[in-house]
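What follows is a set of notes on a single structure, which appears directly below.
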Amino acid sequence: MPEPHPRGPLHGVRVLDLTRVLAGPFCTLLLWELGAEVIKIERPGHGDDTRLFPPYQNGESVYFASVNRGKRSLALDLNAADDRATFEALAAQADVLVENFRPGTMEKLGYGADVIAQKFPALIFARISGFGQTGPYRDRPAYDLIVQALGGMMSINGPEGGPGVRLGISLADTGAGMFTAMAIMAALYERRASGKGRVIDMAMYDCQTMLLEASLVRYLATGETQAPTGSRHPVITPFDVFQTQDARIAIACANDDLFQKLSDAIDRPAWKTDDRYAGVFARYANHAALKHDIELALAGKPAAEWLRLLETAGVPCAPIHDMADVAADPQLNARGMFVEVNDPEMGVLKMPGAAFNISGYPRDPTRPPAPNLDEARADVLRQLGRAPEPQRERVKGAPRDPIW
């Protein structure tokens, strides 16, 4: 049922979510976290592919639960007449429709952009795909790895002097989800005055290109191609990970003032007048020598002691946290960045919360669980004034049939 009390500024916005796996579900999760109602339309019998993705708890996917919490599930076969009628009745009441099929899929189903605009002129139709609805790559399949490889992201990440590697997170997917959520909110803002919907064509490849920031700008300006530099910033020095007596720490000095503070904190005041390190360009030209000198200075004390001294001096620094450290971090916990989800099958789950802090909307330490397949059928049909139907059961371990 729609929630009576606002969770966020998108309260009252209804989203039909035809997405699966990550880019689309992450987009609609952000909209849900900002207050929207999200109805997730899934394939009968199987649902979103990620219902089969590990890790599992009590036989259910924690991965699926993490990006679909709070949503409502309705199983519809968009090739079946009755289910198409239900879908269209929902679309007539919705504000946003999001899909992330390969281009051409919605057209084959009879719900291309022109049809949606004609039948539902106020509906915002957001489309996420690997390469967009136009261009020579339009019909190529894409996953995060493919976009990171093709889009240059892998070429700039990895050990210095070594081969490029994939980022440890699916940035091409989540980046596309974030950009799409922003575009949807902009279209919702415009619609307040115009009353008209928009078609939003988002490509993972386009979104990742925006995220390349200085690496691509540098090439376009100078023709210089960046190679992997490990943890080191390709231009700013020192901006890297350094070995101490017992562990590595991160130190970031992006200007001369911070470098002078570092020089004093590690008892190397002579560096402040050393021509090799006098200014951003000199330090960049001598980055290897400077890293060697810094690690010689840091070798005499353990990481914890250096972190204390550097923090006192006002030098940006940090230990290298693993996931256990992140989960226990007092700052993140104080900010409410972890929430509990009481799932009927999996029990209590701890998950990352939302990074949004908006006045007037308190941060809730709990979230509703992700839905079982077709769980909202009775409620949705009742809201549409239709007779109840039995819930469509999920087939555990169902083969991954073609969508719809």
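By convention here, the chains of the structure tokens are called A, B, ... in the order presented, each chain's residues are numbered starting at 1, and ligands are numbered starting at 1 in the order presented.
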Practice problem: Return as a PyMOL selection string the full set of residues in region 141-226 of chain A whose backbone-based DSSP assignment is strand (DSSP E or B). | Solution: chain A and resi 199-203
Dump N, CA and C atoms for the selected residues as a PDB file, in the first residue's frame?
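This is the output file out34.pdb:
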ATOM      1  N   VAL A 199      11.210  11.362 -22.338  1.00  0.00           N
ATOM      2  CA  VAL A 199      11.925  10.100 -22.530  1.00  0.00           C
ATOM      3  C   VAL A 199      13.383  10.358 -22.185  1.00  0.00           C
ATOM      4  N   ILE A 200      13.910   9.572 -21.257  1.00  0.00           N
ATOM      5  CA  ILE A 200      15.289   9.722 -20.793  1.00  0.00           C
ATOM      6  C   ILE A 200      16.091   8.534 -21.306  1.00  0.00           C
ATOM      7  N   ASP A 201      17.090   8.796 -22.120  1.00  0.00           N
ATOM      8  CA  ASP A 201      17.918   7.757 -22.748  1.00  0.00           C
ATOM      9  C   ASP A 201      19.294   7.796 -22.093  1.00  0.00           C
ATOM     10  N   MET A 202      19.542   6.856 -21.173  1.00  0.00           N
ATOM     11  CA  MET A 202      20.802   6.824 -20.427  1.00  0.00           C
ATOM     12  C   MET A 202      21.631   5.618 -20.850  1.00  0.00           C
ATOM     13  N   ALA A 203      22.917   5.843 -21.093  1.00  0.00           N
ATOM     14  CA  ALA A 203      23.848   4.779 -21.455  1.00  0.00           C
ATOM     15  C   ALA A 203      24.910   4.649 -20.368  1.00  0.00           C
TER      16      ALA A 203
END
Exercise. Show which residues sit within 9 Å of region 374-382 of chain A, as JSON, numbers by chain. Count only C-alpha atoms, and ignore same-chain residues fewer than 4 positions away.
Key: {"A": [1, 39, 40, 41, 42, 44, 47, 72, 73, 74, 75, 76, 86, 90, 386, 387, 388, 389, 390, 391, 392, 393, 394]}
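Residues in contact with region 354-356 of chain A at up to 8 Å, not including ones fewer than 5 positions away on its chain and judged by only C-alpha atoms, are Leu30, Glu33, Leu34 and Met337 of chain A.
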Residue selection dump (C-alpha atoms) as a PDB file, in the first residue's frame:
ATOM      1  CA  LEU A  30      17.666   5.794  -4.796  1.00  0.00           C
ATOM      2  CA  GLU A  33      15.156   6.200  -0.460  1.00  0.00           C
ATOM      3  CA  LEU A  34      14.044   9.699  -1.448  1.00  0.00           C
ATOM      4  CA  MET A 337      24.923   4.861   7.359  1.00  0.00           C
TER       5      MET A 337
END
Quiz prompt | For His287 (chain A): contacts at 10 Å, only C-alpha atoms, fewer than 2 positions along chain excluded, given as a VMD selection string | solution = chain A and resid 232 234 to 239 276 to 277 281 to 285 289 to 293
Quiz item: Interatomic distance between CA of Ile358 (chain A) and CA of Thr174 (chain A)?
Solution: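 Value for the CA of Ile358 (chain A)-CA of Thr174 (chain A) distance: 21.5 Å.
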Quiz item: Hey, what's within 9 Å of region 312-322 of chain A if we count only C-alpha atoms and toss same-chain stuff fewer than 2 positions away? As an MDAnalysis selection string, please?
Solution: chainID A and resid 241 247:253 258:259 261:262 264:265 303:304 307:310 324:327
Quiz item: A:Phe338, A:Phe87, A:Phe125, A:Tyr143: which is nearest Leu109 (chain A), counting only C-alpha atoms?
Solution: A:Phe87
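Here CA of Thr273 (chain A) is placed at a distance of 11.4 Å from CA of Asp256 (chain A).
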